[in-house]
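Heads up: the structure comes next, in structure tokens.
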Amino acid sequence: MALVRLEALKPGDVLAIPLEVNEVVLFEAGTVMAEKHIDILGKLEVETIEIETRQEKHFNSRDEAFRNLDNRFSFVEDDPLTISLKYIVKDVLASMERGIQ
Amino acid sequence: MSDITRETVLAALAEKKFHPSVPEIVSAIVKITRSPNASIKELVTFIEQDSELTRRMLTIANSGFYGIKHEVTTVNGAIVLMGWNTVKMITLGSTILKRMSERDHHLFVHSIRTANIARFLADEANMYKTEEMSVTGLLHDLGIMIMEMYFNDAYIRTKQFAVDHGVPTQIAEYQLLGVDHAAIGGWVIDFWELPDNIVESVARHHSFDPDTFHARKTAVIHVADILALAVDYSGPSWEKVSKLDERALDVLGFSRADIKGLMLDIMKMRFNPIII
């Protein structure tokens, strides 16, 4: 997740949390921003937006990192070969955490 | 079903250039390298006219990315050591990557990661010309950029479908448009007259078929793309890892048991952004 200024928002960016203006949800989390959305936000003078990015996230806990991995692998839950990749990544993350402690 | 066809993509490219220098660079290099009377001197002269391109080429040649052990200080030296095809791929690859880094950082990071993994897998599979696999990795999602730039409504619509339904983007594209970004990228790379194996590897990286002519190279890109997504544990949650086709592992001579070792090595990699 990253907080970006409206000027930096691009078509294709995905909202990470619902966008509220005056306590009204304008766009839900997961909305893919198009030019029309960006125009509306400009007219409403919204300054910053939380979007999903590939920048290194700093997870607060291992569980949070694992949940993100579970989401990313959700389409291949039924495929033993591909899902095995997820468990390898989890093992590596867990061993890295043990190494740090 | 969709207005995205080979014809509309090529027409869009002709109408609005992908990058100011891509068409000129590609067409000039294709023309020179195809001419029966062409000389290295002509190609050197052409590249040296563009100081930015010359700088990028020498930086890349000396980066270790292409496995060149001697220091390269001239364009002439780069062509002699790397060959015309590699020079053409570097020229095109670096120009496209520069554009990608400016426009879609998310895609840029994934492409660099896929390129590095592709090179690694090709080495592990004892393949020849592994540097070519790096370039193919860099270009494998070119079709996404083409959609973003020329068919933005379709791009937004398919991405929203992927987010809402929890499916990989190529499935959303196929469902809504009848074509995916892999095929679109393949059309463009074919139009730019890059080698057939690059066209096939890009066009089929989501539809691997062990019986195609360039199945081994396509297998590298298919596997590299999925492993790049798999190791990206902090990537966006809407982006879904696709199914790994076991036949691609077979073609490369890897077993299921090899996967863990490969993944551990990949997770230790520092992904090299030197290409631009």
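Letters A, B, ... go to the chains of the structure tokens in the order shown; residues in each chain start at 1; ligands are counted from 1 in the same order.
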With the cut-off set at 10 Å and counting only C-alpha atoms, tabulate each residue of range 87-182 of chain B with an atom at most that distance from an atom of range 253-270 of chain B, showing the nearest atom pair and its distance in Å to one decimal, ordered by chain and increasing number, as CSV.
residue,atom,partner,partner_atom,distance
B:Arg113,CA,B:Arg270,CA,9.0
B:Asn116,CA,B:Met269,CA,8.5
B:Ile117,CA,B:Ile266,CA,6.8
B:Phe120,CA,B:Ile266,CA,8.2
B:Leu121,CA,B:Leu262,CA,8.1
B:Glu124,CA,B:Leu262,CA,8.8
B:Ala125,CA,B:Gly253,CA,6.7
B:Asn126,CA,B:Gly253,CA,9.6
Write out the residues from the selection above, keeping all heavy atoms, as a PDB file, in the first residue's frame.
ATOM      1  N   ARG B 113      12.532  -8.638 -12.976  1.00  0.00           N
ATOM      2  CA  ARG B 113      12.610  -9.867 -12.174  1.00  0.00           C
ATOM      3  C   ARG B 113      12.486 -11.104 -13.086  1.00  0.00           C
ATOM      4  O   ARG B 113      13.261 -12.053 -12.965  1.00  0.00           O
ATOM      5  CB  ARG B 113      11.472  -9.827 -11.154  1.00  0.00           C
ATOM      6  CG  ARG B 113      11.548 -10.847 -10.084  1.00  0.00           C
ATOM      7  CD  ARG B 113      10.535 -10.554  -8.995  1.00  0.00           C
ATOM      8  NE  ARG B 113      11.081  -9.693  -7.975  1.00  0.00           N
ATOM      9  CZ  ARG B 113      10.358  -9.032  -7.079  1.00  0.00           C
ATOM     10  NH1 ARG B 113       9.062  -9.116  -7.098  1.00  0.00           N
ATOM     11  NH2 ARG B 113      10.928  -8.284  -6.162  1.00  0.00           N
ATOM     12  N   ASN B 116      15.739 -11.655 -15.106  1.00  0.00           N
ATOM     13  CA  ASN B 116      16.817 -12.258 -14.310  1.00  0.00           C
ATOM     14  C   ASN B 116      16.560 -13.740 -14.047  1.00  0.00           C
ATOM     15  O   ASN B 116      17.471 -14.563 -14.129  1.00  0.00           O
ATOM     16  CB  ASN B 116      16.958 -11.510 -12.979  1.00  0.00           C
ATOM     17  CG  ASN B 116      17.706 -10.200 -13.119  1.00  0.00           C
ATOM     18  OD1 ASN B 116      18.919 -10.139 -12.954  1.00  0.00           O
ATOM     19  ND2 ASN B 116      16.990  -9.145 -13.438  1.00  0.00           N
ATOM     20  N   ILE B 117      15.322 -14.073 -13.757  1.00  0.00           N
ATOM     21  CA  ILE B 117      14.995 -15.479 -13.474  1.00  0.00           C
ATOM     22  C   ILE B 117      15.111 -16.309 -14.759  1.00  0.00           C
ATOM     23  O   ILE B 117      15.600 -17.446 -14.737  1.00  0.00           O
ATOM     24  CB  ILE B 117      13.587 -15.600 -12.840  1.00  0.00           C
ATOM     25  CG1 ILE B 117      13.573 -14.920 -11.467  1.00  0.00           C
ATOM     26  CG2 ILE B 117      13.168 -17.066 -12.707  1.00  0.00           C
ATOM     27  CD1 ILE B 117      12.202 -14.836 -10.811  1.00  0.00           C
ATOM     28  N   PHE B 120      18.658 -17.139 -15.367  1.00  0.00           N
ATOM     29  CA  PHE B 120      19.090 -18.145 -14.387  1.00  0.00           C
ATOM     30  C   PHE B 120      18.576 -19.543 -14.783  1.00  0.00           C
ATOM     31  O   PHE B 120      19.329 -20.522 -14.790  1.00  0.00           O
ATOM     32  CB  PHE B 120      18.572 -17.741 -12.998  1.00  0.00           C
ATOM     33  CG  PHE B 120      18.631 -18.829 -11.968  1.00  0.00           C
ATOM     34  CD1 PHE B 120      19.844 -19.200 -11.403  1.00  0.00           C
ATOM     35  CD2 PHE B 120      17.479 -19.486 -11.549  1.00  0.00           C
ATOM     36  CE1 PHE B 120      19.900 -20.215 -10.452  1.00  0.00           C
ATOM     37  CE2 PHE B 120      17.522 -20.498 -10.599  1.00  0.00           C
ATOM     38  CZ  PHE B 120      18.739 -20.861 -10.057  1.00  0.00           C
ATOM     39  N   LEU B 121      17.302 -19.621 -15.140  1.00  0.00           N
ATOM     40  CA  LEU B 121      16.723 -20.921 -15.515  1.00  0.00           C
ATOM     41  C   LEU B 121      17.391 -21.483 -16.770  1.00  0.00           C
ATOM     42  O   LEU B 121      17.653 -22.686 -16.870  1.00  0.00           O
ATOM     43  CB  LEU B 121      15.212 -20.794 -15.760  1.00  0.00           C
ATOM     44  CG  LEU B 121      14.331 -20.486 -14.546  1.00  0.00           C
ATOM     45  CD1 LEU B 121      12.880 -20.269 -14.997  1.00  0.00           C
ATOM     46  CD2 LEU B 121      14.398 -21.607 -13.515  1.00  0.00           C
ATOM     47  N   GLU B 124      20.632 -22.897 -15.813  1.00  0.00           N
ATOM     48  CA  GLU B 124      20.436 -24.167 -15.083  1.00  0.00           C
ATOM     49  C   GLU B 124      20.028 -25.296 -16.031  1.00  0.00           C
ATOM     50  O   GLU B 124      20.316 -26.463 -15.777  1.00  0.00           O
ATOM     51  CB  GLU B 124      19.348 -24.007 -14.010  1.00  0.00           C
ATOM     52  CG  GLU B 124      19.743 -23.117 -12.854  1.00  0.00           C
ATOM     53  CD  GLU B 124      20.875 -23.698 -12.020  1.00  0.00           C
ATOM     54  OE1 GLU B 124      20.740 -24.836 -11.566  1.00  0.00           O
ATOM     55  OE2 GLU B 124      21.895 -23.004 -11.835  1.00  0.00           O
ATOM     56  N   ALA B 125      19.345 -24.933 -17.117  1.00  0.00           N
ATOM     57  CA  ALA B 125      18.896 -25.949 -18.081  1.00  0.00           C
ATOM     58  C   ALA B 125      19.945 -26.181 -19.172  1.00  0.00           C
ATOM     59  O   ALA B 125      19.674 -26.851 -20.166  1.00  0.00           O
ATOM     60  CB  ALA B 125      17.574 -25.513 -18.707  1.00  0.00           C
ATOM     61  N   ASN B 126      21.140 -25.588 -18.949  1.00  0.00           N
ATOM     62  CA  ASN B 126      22.263 -25.725 -19.906  1.00  0.00           C
ATOM     63  C   ASN B 126      21.892 -25.282 -21.307  1.00  0.00           C
ATOM     64  O   ASN B 126      22.245 -25.937 -22.301  1.00  0.00           O
ATOM     65  CB  ASN B 126      22.762 -27.179 -19.954  1.00  0.00           C
ATOM     66  CG  ASN B 126      23.305 -27.615 -18.620  1.00  0.00           C
ATOM     67  OD1 ASN B 126      24.033 -26.866 -17.968  1.00  0.00           O
ATOM     68  ND2 ASN B 126      22.918 -28.802 -18.184  1.00  0.00           N
TER      69      ASN B 126
END
Per residue of range 45-93 of chain A within 7 Å of range 16-34 of chain A, which atom pair is closest and at what distance in Å (one decimal), using only C-alpha atoms, listed by chain and increasing number, as JSON lines?
{"residue": "A:Glu50", "atom": "CA", "partner": "A:Ala16", "partner_atom": "CA", "distance": 5.5}
{"residue": "A:Ile51", "atom": "CA", "partner": "A:Ala16", "partner_atom": "CA", "distance": 4.6}
{"residue": "A:Glu52", "atom": "CA", "partner": "A:Ala16", "partner_atom": "CA", "distance": 5.1}
Counting only C-alpha atoms, which residues in chain B sit no more than 7 Å from chain A? For each one, give the nearest pair of atoms and the distance in Å, sorted by chain then residue number, as JSON lines.
{"residue": "B:His106", "atom": "CA", "partner": "A:Arg54", "partner_atom": "CA", "distance": 5.8}
{"residue": "B:Ile156", "atom": "CA", "partner": "A:Gly12", "partner_atom": "CA", "distance": 5.9}
{"residue": "B:Lys159", "atom": "CA", "partner": "A:Val32", "partner_atom": "CA", "distance": 7.0}
{"residue": "B:Gln160", "atom": "CA", "partner": "A:Val32", "partner_atom": "CA", "distance": 5.6}
{"residue": "B:Val163", "atom": "CA", "partner": "A:Gly30", "partner_atom": "CA", "distance": 6.4}
{"residue": "B:Gly166", "atom": "CA", "partner": "A:Phe75", "partner_atom": "CA", "distance": 6.7}
{"residue": "B:Val167", "atom": "CA", "partner": "A:Phe75", "partner_atom": "CA", "distance": 6.1}
{"residue": "B:Ala230", "atom": "CA", "partner": "A:Leu85", "partner_atom": "CA", "distance": 6.6}
{"residue": "B:Val231", "atom": "CA", "partner": "A:Val89", "partner_atom": "CA", "distance": 6.4}
{"residue": "B:Tyr233", "atom": "CA", "partner": "A:Leu69", "partner_atom": "CA", "distance": 5.6}
{"residue": "B:Ser234", "atom": "CA", "partner": "A:Lys57", "partner_atom": "CA", "distance": 5.6}
{"residue": "B:Gly235", "atom": "CA", "partner": "A:Arg54", "partner_atom": "CA", "distance": 4.7}
{"residue": "B:Pro236", "atom": "CA", "partner": "A:Glu52", "partner_atom": "CA", "distance": 5.6}
{"residue": "B:Ser237", "atom": "CA", "partner": "A:Arg72", "partner_atom": "CA", "distance": 5.3}
{"residue": "B:Trp238", "atom": "CA", "partner": "A:Arg72", "partner_atom": "CA", "distance": 6.7}
{"residue": "B:Glu239", "atom": "CA", "partner": "A:Arg72", "partner_atom": "CA", "distance": 6.0}
{"residue": "B:Lys240", "atom": "CA", "partner": "A:Arg72", "partner_atom": "CA", "distance": 4.7}
{"residue": "B:Val241", "atom": "CA", "partner": "A:Phe73", "partner_atom": "CA", "distance": 5.4}
{"residue": "B:Ser242", "atom": "CA", "partner": "A:Val76", "partner_atom": "CA", "distance": 6.6}
{"residue": "B:Lys243", "atom": "CA", "partner": "A:Thr82", "partner_atom": "CA", "distance": 5.9}
{"residue": "B:Leu244", "atom": "CA", "partner": "A:Thr82", "partner_atom": "CA", "distance": 5.5}
{"residue": "B:Lys260", "atom": "CA", "partner": "A:Ile88", "partner_atom": "CA", "distance": 6.6}
Task: One-decimal distance in Å that lies between CA of Arg56 in chain B and CA of Ser101 in chain B - done: 14.7 Å
- [ ] State, in Å with one decimal place, the distance from CA of Glu148 in chain B to CA of Thr95 in chain B.
- [x]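 Computed distance, CA of Glu148 in chain B to CA of Thr95 in chain B, equals 17.2 Å.
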TODO: Any chance you could list, as JSON, numbers by chain, the residues in range 188-230 of chain B that come up helix (DSSP H, G or I) when DSSP is run on the backbone?
DONE: {"B": [188, 189, 190, 191, 196, 197, 198, 199, 200, 201, 202, 203, 215, 216, 217, 218, 219, 220, 221, 222, 223, 224, 225, 226, 227, 228, 229, 230]}
Selected residues written out with N, CA and C atoms, as an mmCIF file, in the first residue's frame:
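Below is the file out-v8.cif, written as the result:
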data_model
loop_
_atom_site.group_PDB
_atom_site.id
_atom_site.type_symbol
_atom_site.label_atom_id
_atom_site.label_comp_id
_atom_site.auth_asym_id
_atom_site.auth_seq_id
_atom_site.Cartn_x
_atom_site.Cartn_y
_atom_site.Cartn_z
ATOM 1 N N VAL B 188 3.330 -7.530 -31.848
ATOM 2 C CA VAL B 188 4.195 -6.340 -31.970
ATOM 3 C C VAL B 188 5.652 -6.757 -32.184
ATOM 4 N N ILE B 189 6.079 -7.751 -31.449
ATOM 5 C CA ILE B 189 7.473 -8.198 -31.579
ATOM 6 C C ILE B 189 7.715 -8.798 -32.960
ATOM 7 N N ASP B 190 6.711 -9.473 -33.474
ATOM 8 C CA ASP B 190 6.797 -10.014 -34.836
ATOM 9 C C ASP B 190 6.899 -8.862 -35.838
ATOM 10 N N PHE B 191 6.091 -7.830 -35.617
ATOM 11 C CA PHE B 191 6.101 -6.653 -36.497
ATOM 12 C C PHE B 191 7.476 -5.969 -36.475
ATOM 13 N N ASP B 196 12.150 -15.307 -34.342
ATOM 14 C CA ASP B 196 10.917 -16.090 -34.149
ATOM 15 C C ASP B 196 10.780 -16.665 -32.740
ATOM 16 N N ASN B 197 11.922 -17.065 -32.161
ATOM 17 C CA ASN B 197 11.812 -17.690 -30.832
ATOM 18 C C ASN B 197 11.329 -16.675 -29.794
ATOM 19 N N ILE B 198 11.683 -15.408 -29.977
ATOM 20 C CA ILE B 198 11.219 -14.374 -29.036
ATOM 21 C C ILE B 198 9.722 -14.144 -29.252
ATOM 22 N N VAL B 199 9.318 -14.112 -30.506
ATOM 23 C CA VAL B 199 7.887 -13.933 -30.812
ATOM 24 C C VAL B 199 7.087 -15.049 -30.140
ATOM 25 N N GLU B 200 7.535 -16.289 -30.351
ATOM 26 C CA GLU B 200 6.770 -17.424 -29.795
ATOM 27 C C GLU B 200 6.787 -17.424 -28.265
ATOM 28 N N SER B 201 7.956 -17.148 -27.691
ATOM 29 C CA SER B 201 8.054 -17.184 -26.222
ATOM 30 C C SER B 201 7.157 -16.144 -25.579
ATOM 31 N N VAL B 202 7.084 -14.973 -26.184
ATOM 32 C CA VAL B 202 6.221 -13.911 -25.644
ATOM 33 C C VAL B 202 4.753 -14.279 -25.886
ATOM 34 N N ALA B 203 4.440 -14.673 -27.117
ATOM 35 C CA ALA B 203 3.039 -14.920 -27.487
ATOM 36 C C ALA B 203 2.430 -16.094 -26.721
ATOM 37 N N ALA B 215 9.686 -24.598 -28.057
ATOM 38 C CA ALA B 215 9.079 -24.962 -26.768
ATOM 39 C C ALA B 215 10.028 -24.740 -25.586
ATOM 40 N N ARG B 216 11.327 -25.016 -25.753
ATOM 41 C CA ARG B 216 12.246 -24.884 -24.608
ATOM 42 C C ARG B 216 12.344 -23.426 -24.167
ATOM 43 N N LYS B 217 12.485 -22.534 -25.141
ATOM 44 C CA LYS B 217 12.615 -21.119 -24.792
ATOM 45 C C LYS B 217 11.299 -20.582 -24.226
ATOM 46 N N THR B 218 10.210 -21.030 -24.809
ATOM 47 C CA THR B 218 8.899 -20.611 -24.291
ATOM 48 C C THR B 218 8.714 -21.122 -22.861
ATOM 49 N N ALA B 219 9.209 -22.341 -22.618
ATOM 50 C CA ALA B 219 9.098 -22.918 -21.266
ATOM 51 C C ALA B 219 9.841 -22.049 -20.252
ATOM 52 N N VAL B 220 11.001 -21.550 -20.645
ATOM 53 C CA VAL B 220 11.780 -20.695 -19.730
ATOM 54 C C VAL B 220 10.959 -19.463 -19.338
ATOM 55 N N ILE B 221 10.333 -18.832 -20.314
ATOM 56 C CA ILE B 221 9.584 -17.600 -20.023
ATOM 57 C C ILE B 221 8.322 -17.911 -19.215
ATOM 58 N N HIS B 222 7.668 -19.007 -19.567
ATOM 59 C CA HIS B 222 6.466 -19.404 -18.807
ATOM 60 C C HIS B 222 6.829 -19.620 -17.330
ATOM 61 N N VAL B 223 7.879 -20.398 -17.088
ATOM 62 C CA VAL B 223 8.254 -20.707 -15.699
ATOM 63 C C VAL B 223 8.781 -19.447 -14.997
ATOM 64 N N ALA B 224 9.612 -18.672 -15.704
ATOM 65 C CA ALA B 224 10.201 -17.466 -15.084
ATOM 66 C C ALA B 224 9.116 -16.482 -14.666
ATOM 67 N N ASP B 225 8.113 -16.316 -15.497
ATOM 68 C CA ASP B 225 7.023 -15.382 -15.195
ATOM 69 C C ASP B 225 6.307 -15.812 -13.899
ATOM 70 N N ILE B 226 6.014 -17.104 -13.808
ATOM 71 C CA ILE B 226 5.275 -17.577 -12.630
ATOM 72 C C ILE B 226 6.149 -17.530 -11.369
ATOM 73 N N LEU B 227 7.414 -17.894 -11.503
ATOM 74 C CA LEU B 227 8.282 -17.828 -10.322
ATOM 75 C C LEU B 227 8.496 -16.372 -9.886
ATOM 76 N N ALA B 228 8.548 -15.460 -10.859
ATOM 77 C CA ALA B 228 8.711 -14.031 -10.506
ATOM 78 C C ALA B 228 7.510 -13.551 -9.691
ATOM 79 N N LEU B 229 6.322 -14.002 -10.046
ATOM 80 C CA LEU B 229 5.126 -13.631 -9.282
ATOM 81 C C LEU B 229 5.121 -14.332 -7.917
ATOM 82 N N ALA B 230 5.576 -15.592 -7.919
ATOM 83 C CA ALA B 230 5.535 -16.382 -6.683
ATOM 84 C C ALA B 230 6.455 -15.805 -5.607
#
Task: Exercise: Val75 in chain B partners within 8 Å, only C-alpha atoms, chain neighbours under 3 positions left out, as an NGL selection string - done: :B and (44 or 47-48 or 54 or 57-58 or 72 or 78-79)
Open item on the list: To test your reading of the structure, identify every residue in range 33-99 of chain A that backbone DSSP assigns to strand (DSSP E or B), and report it as a ChimeraX atom specification.
Closed with: /A:48-51
